[in-house]
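Student: Below are the structure tokens for one structure; questions will follow.
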Amino acid sequence: MEKLIGMNKKKHFKGRISRIYSFKRRPPFFLFSLVTCMIFLMSISFYSGIYVDFKLDILEQKFEDSLTIQIPGTYGKTKKYHTNQLTKVINLIKQNPKIKKFNVITDQEAISLLEPWVGKNSLPKDIIIPTIIDLRVNKIKDFNIIQIEKKLKKISQNIKIFHNVKYIQPNLRTIKTIKIIVLTIVLITLLSLVFIIITSAKTNISLNSNTIEILHLIGARKNYIAKEFIIQNLIMGFSTTIIGLIIGFLCIIFIGSLYFENFYIDLIKATINLRYLTFVLFLPIIIPLFFCLITYLTIVNNLKKLP
Amino acid sequence: MIKLSKIYLNYGNNADILKNLDLKLTSGSFHFLTGPSGSGKSSLLKLLFLGHVPTSGKLSIFGKDISEISKPDLPILRRKIGVVFQDFRLLDHLTVIENVALPLQIAGARNRDIKDHVNELITWVGLNDKIDAFPNTLSDGEKQRIAIARAVIGRPSLLLADEPTGSIDSNQGDKIMHLFEELNKIGTTVIIATHDNSLVSQFDYPKLNLVNGKINRNE
């Protein structure tokens, strides 16, 4: 070329001519903010969802792994007889390694529980108050209730053991319903996010259709054109996800802390749960990759329309 | 080298822009494509730079029938064609140097070679002080010179220019025409579409006069 046009050899440009222009072609702010907002909303619903799930799990677990032993105050027997039965039961509990902890409800507590029905100080002093023992086991599935029930019956036929979960059966259905509602909300926001990503990637490309056409006309191959937009949308996908997740997290911490104590500790504990942590960590990878896929398909589709 | 036989072109509104066009241009020739506005000059150029496919007829470029060229091979063919668009078609987000360098980058040239060629060409078109400027800060004349630099940087086998001197002064126009002549001397086929009769009359090259979608040759 220099021989052809016979010009001087003075060089004016010493810098580097970039081969990737994606950094120069910033996506329009409205697309960036739209995706960020959607990820923010999705993260709010997601964090709320995992918090609710975490709390409901704790509640469920509390009843699931707990049992109650009732030692009735036998008619005609002495207080000593009752205390003797209680000691035997406690020894039996202590011998069982699968029982994590137990709590004997004191007479005072039991009396106060009866107060709404029988009134204050109305119980005769010589009456033997039934004793309630609250048991916590490591895992209810590994715990043999029938076996311990047999041993309790040997101490007294009147001693009973209950699985506490039966007291909250109707509440369990409510818990399940709440969980389904929360999951539905998270799924709806996720689907909306998918829709927004598809729309944003397509809009970004249609706004640059002129660039695609020029590159195509001067001999750029499909992959060269796609590369430019893929890098751009990869950056947009990654940055919007990170920003959306962080703002969502901070926002939910702020709102939650107004209403609940130790909210942020519980939320962090909930997020650390492997399945949720995987979701949070993979989101900044999955969203940009999804962006890239949509970008590539849209460009290929656009190029098909060109001669 | 370029052969059009029985070419028809319409954009789907039933009115034929080009009608039964037959044309044969040899390799290394220099032609002016003239004709009134709306005669189909730009459409003919569009066919030649593969920006549109003919509605019917046979178009061969570099001895190859374009209907027989596979899609993956078309970019290679396009790289041999330099185009100066009437509306410049520069990429607004790229600087002057990046716009000019684009065809070489697309062709996979080395950075050092790109820099050498781009610097020389930009200096030659007189825009070395605007290397880092963006197209939207340039005048039409400057944009046109950038568009010309981009079209010729890859040393194309076929150069198509749509009103290449329309927005530049006569001095710059002469320089540009000189560049086109120099390119033609080393074998580039040049077709310049213009309705500037004063420009056409300055040179002794054959004219293709396009009227109502048909060509009259004026040698």
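As shown in the structure tokens, the chain order sets the letters A, B, ...; within each chain, residues go from 1, and ligands are also counted from 1 in the order they appear.
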As a ChimeraX atom specification, please: the residues near Gly248 in chain A (cut-off 8 Å, only C-alpha atoms, same-chain neighbours under 2 positions excluded).

Tutor: /A:40-41,43-44,47,244-246,250-252

Student: Keeping only N, CA, C and O atoms, write those residues as a PDB file, in the first residue's frame.

Tutor:
```
ATOM      1  N   PHE A  40     -32.543  -7.899  40.786  1.00  0.00           N
ATOM      2  CA  PHE A  40     -32.778  -7.391  42.144  1.00  0.00           C
ATOM      3  C   PHE A  40     -34.103  -7.955  42.693  1.00  0.00           C
ATOM      4  O   PHE A  40     -34.142  -8.499  43.802  1.00  0.00           O
ATOM      5  N   LEU A  41     -35.161  -7.879  41.884  1.00  0.00           N
ATOM      6  CA  LEU A  41     -36.464  -8.395  42.317  1.00  0.00           C
ATOM      7  C   LEU A  41     -36.408  -9.903  42.548  1.00  0.00           C
ATOM      8  O   LEU A  41     -36.949 -10.421  43.518  1.00  0.00           O
ATOM      9  N   SER A  43     -33.749 -11.592  43.302  1.00  0.00           N
ATOM     10  CA  SER A  43     -32.945 -11.909  44.488  1.00  0.00           C
ATOM     11  C   SER A  43     -33.720 -11.601  45.765  1.00  0.00           C
ATOM     12  O   SER A  43     -33.622 -12.341  46.744  1.00  0.00           O
ATOM     13  N   ILE A  44     -34.540 -10.530  45.744  1.00  0.00           N
ATOM     14  CA  ILE A  44     -35.379 -10.206  46.918  1.00  0.00           C
ATOM     15  C   ILE A  44     -36.314 -11.387  47.197  1.00  0.00           C
ATOM     16  O   ILE A  44     -36.418 -11.855  48.326  1.00  0.00           O
ATOM     17  N   TYR A  47     -34.167 -14.460  48.346  1.00  0.00           N
ATOM     18  CA  TYR A  47     -33.676 -14.375  49.735  1.00  0.00           C
ATOM     19  C   TYR A  47     -34.846 -14.493  50.724  1.00  0.00           C
ATOM     20  O   TYR A  47     -34.721 -15.149  51.754  1.00  0.00           O
ATOM     21  N   GLY A 244     -27.294  -6.829  41.058  1.00  0.00           N
ATOM     22  CA  GLY A 244     -28.654  -7.184  41.479  1.00  0.00           C
ATOM     23  C   GLY A 244     -28.663  -8.035  42.741  1.00  0.00           C
ATOM     24  O   GLY A 244     -29.442  -7.791  43.666  1.00  0.00           O
ATOM     25  N   LEU A 245     -27.760  -9.026  42.790  1.00  0.00           N
ATOM     26  CA  LEU A 245     -27.714  -9.920  43.958  1.00  0.00           C
ATOM     27  C   LEU A 245     -27.273  -9.166  45.213  1.00  0.00           C
ATOM     28  O   LEU A 245     -27.841  -9.355  46.291  1.00  0.00           O
ATOM     29  N   ILE A 246     -26.270  -8.311  45.058  1.00  0.00           N
ATOM     30  CA  ILE A 246     -25.754  -7.574  46.230  1.00  0.00           C
ATOM     31  C   ILE A 246     -26.807  -6.584  46.736  1.00  0.00           C
ATOM     32  O   ILE A 246     -27.109  -6.542  47.933  1.00  0.00           O
ATOM     33  N   LEU A 250     -28.618  -6.704  50.386  1.00  0.00           N
ATOM     34  CA  LEU A 250     -28.560  -5.575  51.342  1.00  0.00           C
ATOM     35  C   LEU A 250     -29.973  -5.082  51.662  1.00  0.00           C
ATOM     36  O   LEU A 250     -30.285  -4.762  52.813  1.00  0.00           O
ATOM     37  N   CYS A 251     -30.795  -5.042  50.642  1.00  0.00           N
ATOM     38  CA  CYS A 251     -32.158  -4.538  50.809  1.00  0.00           C
ATOM     39  C   CYS A 251     -32.976  -5.450  51.731  1.00  0.00           C
ATOM     40  O   CYS A 251     -33.667  -4.973  52.631  1.00  0.00           O
ATOM     41  N   ILE A 252     -32.864  -6.744  51.502  1.00  0.00           N
ATOM     42  CA  ILE A 252     -33.649  -7.693  52.307  1.00  0.00           C
ATOM     43  C   ILE A 252     -33.141  -7.699  53.749  1.00  0.00           C
ATOM     44  O   ILE A 252     -33.912  -7.834  54.696  1.00  0.00           O
TER      45      ILE A 252
END
```

Student: Identify, on the basis of only C-alpha atoms, every residue whose closest approach to Phe32 in chain A does not exceed 10 Å; exclude the query and any residue fewer than 6 positions from it along the same chain; express the result as a list in words.

Tutor: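 Here the answer would be Arg26, Ser200, Asn204, Asn233, Met236, Gly237, Ser239 and Thr240 of chain A.
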
Student: Store the residues of this selection in a file with all heavy atoms, as a PDB file, in the first residue's frame.

Tutor:
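See selection14.pdb below for the written result:
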```
ATOM      1  N   ARG A  26     -21.030   0.271  24.775  1.00  0.00           N
ATOM      2  CA  ARG A  26     -21.746  -0.042  26.021  1.00  0.00           C
ATOM      3  C   ARG A  26     -23.214  -0.293  25.713  1.00  0.00           C
ATOM      4  O   ARG A  26     -23.788   0.385  24.862  1.00  0.00           O
ATOM      5  CB  ARG A  26     -21.639   1.136  26.988  1.00  0.00           C
ATOM      6  CG  ARG A  26     -20.232   1.292  27.530  1.00  0.00           C
ATOM      7  CD  ARG A  26     -20.242   2.049  28.832  1.00  0.00           C
ATOM      8  NE  ARG A  26     -18.876   2.334  29.212  1.00  0.00           N
ATOM      9  CZ  ARG A  26     -18.338   3.539  29.174  1.00  0.00           C
ATOM     10  NH1 ARG A  26     -19.063   4.566  28.791  1.00  0.00           N
ATOM     11  NH2 ARG A  26     -17.096   3.729  29.527  1.00  0.00           N
ATOM     12  N   SER A 200     -33.812  -8.320  26.449  1.00  0.00           N
ATOM     13  CA  SER A 200     -32.685  -7.365  26.492  1.00  0.00           C
ATOM     14  C   SER A 200     -31.620  -7.732  25.473  1.00  0.00           C
ATOM     15  O   SER A 200     -31.110  -6.856  24.765  1.00  0.00           O
ATOM     16  CB  SER A 200     -32.055  -7.351  27.882  1.00  0.00           C
ATOM     17  OG  SER A 200     -33.016  -7.039  28.824  1.00  0.00           O
ATOM     18  N   ASN A 204     -30.713  -5.327  22.419  1.00  0.00           N
ATOM     19  CA  ASN A 204     -29.345  -4.819  22.272  1.00  0.00           C
ATOM     20  C   ASN A 204     -28.819  -5.099  20.871  1.00  0.00           C
ATOM     21  O   ASN A 204     -28.154  -4.261  20.262  1.00  0.00           O
ATOM     22  CB  ASN A 204     -28.452  -5.473  23.329  1.00  0.00           C
ATOM     23  CG  ASN A 204     -27.108  -4.790  23.435  1.00  0.00           C
ATOM     24  OD1 ASN A 204     -26.967  -3.619  23.067  1.00  0.00           O
ATOM     25  ND2 ASN A 204     -26.122  -5.489  23.918  1.00  0.00           N
ATOM     26  N   ASN A 233     -22.444  -8.721  25.938  1.00  0.00           N
ATOM     27  CA  ASN A 233     -23.569  -9.220  26.741  1.00  0.00           C
ATOM     28  C   ASN A 233     -23.112 -10.088  27.910  1.00  0.00           C
ATOM     29  O   ASN A 233     -23.803 -10.168  28.926  1.00  0.00           O
ATOM     30  CB  ASN A 233     -24.563  -9.975  25.851  1.00  0.00           C
ATOM     31  CG  ASN A 233     -25.448  -9.011  25.079  1.00  0.00           C
ATOM     32  OD1 ASN A 233     -25.509  -7.832  25.397  1.00  0.00           O
ATOM     33  ND2 ASN A 233     -26.130  -9.501  24.076  1.00  0.00           N
ATOM     34  N   MET A 236     -22.346  -7.558  30.456  1.00  0.00           N
ATOM     35  CA  MET A 236     -23.610  -7.020  30.977  1.00  0.00           C
ATOM     36  C   MET A 236     -24.276  -8.042  31.898  1.00  0.00           C
ATOM     37  O   MET A 236     -24.708  -7.700  33.005  1.00  0.00           O
ATOM     38  CB  MET A 236     -24.554  -6.649  29.825  1.00  0.00           C
ATOM     39  CG  MET A 236     -25.872  -6.080  30.317  1.00  0.00           C
ATOM     40  SD  MET A 236     -26.762  -5.135  29.090  1.00  0.00           S
ATOM     41  CE  MET A 236     -27.699  -6.399  28.275  1.00  0.00           C
ATOM     42  N   GLY A 237     -24.322  -9.297  31.470  1.00  0.00           N
ATOM     43  CA  GLY A 237     -24.958 -10.347  32.272  1.00  0.00           C
ATOM     44  C   GLY A 237     -24.287 -10.515  33.617  1.00  0.00           C
ATOM     45  O   GLY A 237     -24.955 -10.600  34.653  1.00  0.00           O
ATOM     46  N   SER A 239     -22.172  -8.360  35.268  1.00  0.00           N
ATOM     47  CA  SER A 239     -22.221  -7.187  36.160  1.00  0.00           C
ATOM     48  C   SER A 239     -23.636  -6.965  36.710  1.00  0.00           C
ATOM     49  O   SER A 239     -23.798  -6.658  37.896  1.00  0.00           O
ATOM     50  CB  SER A 239     -21.701  -5.936  35.449  1.00  0.00           C
ATOM     51  OG  SER A 239     -22.316  -5.813  34.211  1.00  0.00           O
ATOM     52  N   THR A 240     -24.664  -7.147  35.866  1.00  0.00           N
ATOM     53  CA  THR A 240     -26.029  -6.945  36.364  1.00  0.00           C
ATOM     54  C   THR A 240     -26.379  -7.989  37.435  1.00  0.00           C
ATOM     55  O   THR A 240     -27.046  -7.664  38.413  1.00  0.00           O
ATOM     56  CB  THR A 240     -27.065  -7.024  35.226  1.00  0.00           C
ATOM     57  OG1 THR A 240     -26.835  -8.206  34.489  1.00  0.00           O
ATOM     58  CG2 THR A 240     -27.018  -5.823  34.320  1.00  0.00           C
TER      59      THR A 240
END
```

Student: Excluding range 170-186 of chain B and residues on its chain fewer than 5 positions from it, collect all residues at most 12 Å away from it, counting only C-alpha atoms, and give them as a ChimeraX atom specification.

Tutor: /A:1-7 /B:27-32,82,84,121,124-127,141-142,144-149,151-161,163-165,191-192,196,198-200,202-205

Student: Pick out the residues sitting within 6 Å of range 91-105 of chain B, and hand them over as a PyMOL selection string; count only C-alpha atoms, and ignore anything fewer than 4 positions along from it in its own chain.

Tutor: (chain A and resi 25) or (chain B and resi 109+131-135+150)

Student: Report, in Å to a single decimal, how far apart CA of Asn301 in chain A and CA of Glu213 in chain A are.

Tutor: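 For CA of Glu213 in chain A relative to CA of Asn301 in chain A, the distance reads 12.7 Å.
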
Student: Within 6 Å of chain A, which residues belong to chain B? Use only C-alpha atoms and report them as number ranges by chain.

Tutor: B: 52, 75, 78-79, 93, 106, 119

Student: Leaving out Pro72 in chain A and any residue of its chain fewer than 3 positions from it, which residues lie within 12 Å of it when counting only C-alpha atoms, given as a PyMOL selection string?

Tutor: chain A and resi 69+75-77+79+81-83+85-86+110+127-133+156-161

Student: Restricting the output to N, CA, C and O atoms, write the selected residues as a compact mmCIF listing (two decimals), in the first residue's frame.

Tutor:
```txt
# COMPACT_ATOMS: atom_id res chain seq x y z
N ILE A 69 -43.50 -37.32 76.96
CA ILE A 69 -43.87 -38.45 77.82
C ILE A 69 -44.78 -37.90 78.92
O ILE A 69 -44.47 -36.86 79.53
N TYR A 75 -54.46 -42.07 90.74
CA TYR A 75 -55.40 -41.87 91.85
C TYR A 75 -55.09 -42.86 92.96
O TYR A 75 -54.86 -44.05 92.73
N GLY A 76 -55.05 -42.36 94.18
CA GLY A 76 -54.85 -43.22 95.35
C GLY A 76 -53.40 -43.55 95.66
O GLY A 76 -53.11 -44.24 96.62
N LYS A 77 -52.50 -43.08 94.83
CA LYS A 77 -51.08 -43.35 95.07
C LYS A 77 -50.43 -42.13 95.72
O LYS A 77 -50.90 -40.99 95.57
N LYS A 79 -47.31 -39.32 96.60
CA LYS A 79 -46.37 -38.47 95.85
C LYS A 79 -45.05 -39.23 95.65
O LYS A 79 -44.39 -39.11 94.60
N TYR A 81 -44.63 -42.43 95.34
CA TYR A 81 -44.81 -43.40 94.26
C TYR A 81 -44.61 -42.72 92.90
O TYR A 81 -43.94 -43.24 92.02
N HIS A 82 -45.20 -41.54 92.79
CA HIS A 82 -45.09 -40.76 91.53
C HIS A 82 -43.64 -40.36 91.25
O HIS A 82 -43.15 -40.52 90.12
N THR A 83 -42.94 -39.90 92.31
CA THR A 83 -41.54 -39.48 92.15
C THR A 83 -40.69 -40.69 91.76
O THR A 83 -39.77 -40.56 90.93
N GLN A 85 -41.66 -43.28 90.03
CA GLN A 85 -41.93 -43.54 88.59
C GLN A 85 -41.13 -42.57 87.71
O GLN A 85 -40.51 -42.98 86.73
N LEU A 86 -41.14 -41.31 88.12
CA LEU A 86 -40.44 -40.26 87.36
C LEU A 86 -38.93 -40.57 87.29
O LEU A 86 -38.33 -40.45 86.21
N ALA A 110 -46.69 -26.81 85.30
CA ALA A 110 -47.90 -27.57 84.96
C ALA A 110 -49.15 -26.91 85.57
O ALA A 110 -50.18 -26.80 84.90
N ILE A 127 -52.98 -33.01 95.77
CA ILE A 127 -53.19 -33.62 94.44
C ILE A 127 -51.83 -33.82 93.74
O ILE A 127 -50.92 -32.99 93.86
N ILE A 128 -51.72 -34.96 93.06
CA ILE A 128 -50.46 -35.22 92.34
C ILE A 128 -50.63 -34.77 90.90
O ILE A 128 -51.48 -35.29 90.16
N ILE A 129 -49.83 -33.77 90.53
CA ILE A 129 -49.92 -33.19 89.18
C ILE A 129 -49.22 -34.13 88.19
O ILE A 129 -48.11 -34.61 88.48
N PRO A 130 -49.85 -34.44 87.04
CA PRO A 130 -49.17 -35.27 86.04
C PRO A 130 -47.86 -34.62 85.61
O PRO A 130 -47.79 -33.38 85.51
N THR A 131 -46.88 -35.44 85.33
CA THR A 131 -45.58 -34.89 84.91
C THR A 131 -45.43 -35.03 83.39
O THR A 131 -45.75 -36.08 82.82
N ILE A 132 -44.97 -33.96 82.80
CA ILE A 132 -44.74 -33.98 81.33
C ILE A 132 -43.24 -33.86 81.10
O ILE A 132 -42.59 -32.98 81.68
N ILE A 133 -42.71 -34.74 80.23
CA ILE A 133 -41.28 -34.66 79.88
C ILE A 133 -41.18 -34.41 78.37
O ILE A 133 -41.75 -35.16 77.56
N SER A 156 -44.97 -48.32 84.15
CA SER A 156 -46.40 -48.15 84.49
C SER A 156 -47.21 -48.20 83.20
O SER A 156 -46.82 -47.58 82.19
N GLN A 157 -48.33 -48.89 83.25
CA GLN A 157 -49.20 -49.03 82.08
C GLN A 157 -49.79 -47.68 81.67
O GLN A 157 -50.16 -47.48 80.52
N ASN A 158 -49.85 -46.73 82.66
CA ASN A 158 -50.50 -45.44 82.35
C ASN A 158 -49.57 -44.42 81.69
O ASN A 158 -50.04 -43.38 81.23
N ILE A 159 -48.28 -44.69 81.69
CA ILE A 159 -47.34 -43.73 81.08
C ILE A 159 -47.51 -43.78 79.55
O ILE A 159 -47.59 -44.86 78.96
N LYS A 160 -47.57 -42.58 78.98
CA LYS A 160 -47.77 -42.52 77.53
C LYS A 160 -46.67 -41.71 76.86
O LYS A 160 -46.11 -40.80 77.49
N ILE A 161 -46.41 -42.04 75.62
CA ILE A 161 -45.44 -41.26 74.84
C ILE A 161 -46.10 -40.82 73.53
O ILE A 161 -46.79 -41.60 72.86
```

Student: Just want the 10 Å neighbourhood of Val280 in chain A, counted on only C-alpha atoms, with same-chain residues fewer than 2 positions away dropped. Output as a count of residues only.

Tutor: 17

Student: Identify all residues of range 81-131 of chain A in strand (DSSP E) (DSSP on the backbone) and supply them as a list in words.

Tutor: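 Taking range 81-131 of chain A and keeping strand (DSSP E) gives Ile99, Lys100, Lys101, Phe102, Asn103, Val104, Ile105 and Thr131 of chain A.
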
Student: With only C-alpha atoms as the counted atoms, please give the residues lying no more than 8 Å from Gly49 in chain A, apart from itself and same-chain residues fewer than 3 positions off, as a list in words.

Tutor: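 The contact residues come out as Ser45, Phe46, Val52, Asp53, Lys179, Val182, Leu183 and Val186 of chain A.
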
Student: Got time to write the residues from that selection, N, CA and C atoms, as a PDB file, in the first residue's frame?

Tutor:
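See result.pdb below for the written result:
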```
ATOM      1  N   SER A  45     -36.979 -11.859  46.125  1.00  0.00           N
ATOM      2  CA  SER A  45     -37.921 -12.960  46.333  1.00  0.00           C
ATOM      3  C   SER A  45     -37.181 -14.237  46.729  1.00  0.00           C
ATOM      4  N   PHE A  46     -35.989 -14.410  46.156  1.00  0.00           N
ATOM      5  CA  PHE A  46     -35.209 -15.607  46.463  1.00  0.00           C
ATOM      6  C   PHE A  46     -34.740 -15.598  47.929  1.00  0.00           C
ATOM      7  N   VAL A  52     -37.798 -17.732  54.667  1.00  0.00           N
ATOM      8  CA  VAL A  52     -39.057 -18.355  55.094  1.00  0.00           C
ATOM      9  C   VAL A  52     -38.878 -19.872  55.171  1.00  0.00           C
ATOM     10  N   ASP A  53     -38.236 -20.428  54.156  1.00  0.00           N
ATOM     11  CA  ASP A  53     -37.997 -21.866  54.105  1.00  0.00           C
ATOM     12  C   ASP A  53     -37.157 -22.313  55.301  1.00  0.00           C
ATOM     13  N   LYS A 179     -44.750 -22.644  51.793  1.00  0.00           N
ATOM     14  CA  LYS A 179     -43.548 -22.995  51.020  1.00  0.00           C
ATOM     15  C   LYS A 179     -43.841 -23.028  49.521  1.00  0.00           C
ATOM     16  N   VAL A 182     -44.215 -19.450  48.265  1.00  0.00           N
ATOM     17  CA  VAL A 182     -42.902 -18.796  48.160  1.00  0.00           C
ATOM     18  C   VAL A 182     -42.157 -19.324  46.926  1.00  0.00           C
ATOM     19  N   LEU A 183     -42.185 -20.642  46.749  1.00  0.00           N
ATOM     20  CA  LEU A 183     -41.504 -21.246  45.599  1.00  0.00           C
ATOM     21  C   LEU A 183     -42.106 -20.741  44.284  1.00  0.00           C
ATOM     22  N   VAL A 186     -40.848 -17.235  43.618  1.00  0.00           N
ATOM     23  CA  VAL A 186     -39.451 -17.282  43.143  1.00  0.00           C
ATOM     24  C   VAL A 186     -39.416 -17.753  41.685  1.00  0.00           C
TER      25      VAL A 186
END
```

Student: Run DSSP on the backbone and tell me which residues of range 4-139 of chain B come out as helix (DSSP H, G or I); list them as an MDAnalysis selection string.

Tutor: chainID B and resid 41:48 66:68 71:78 96:106 111:124 128:130 135:137

Student: Calculate how many Å separate CA of Asp134 in chain A from CA of His163 in chain A, rounding to one decimal.

Tutor: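 Distance reported for this atom pair: 10.3 Å.
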
Student: Quick check, in Å to one decimal: how far apart do CA of Ile235 in chain A and CA of Phe249 in chain A lie?

Tutor: 21.1 Å

Student: Considering only C-alpha atoms, can you say which of A:Thr78, A:Thr68, A:Asn262, A:Gln232 comes closest to Glu149 in chain A?

Tutor: A:Thr68
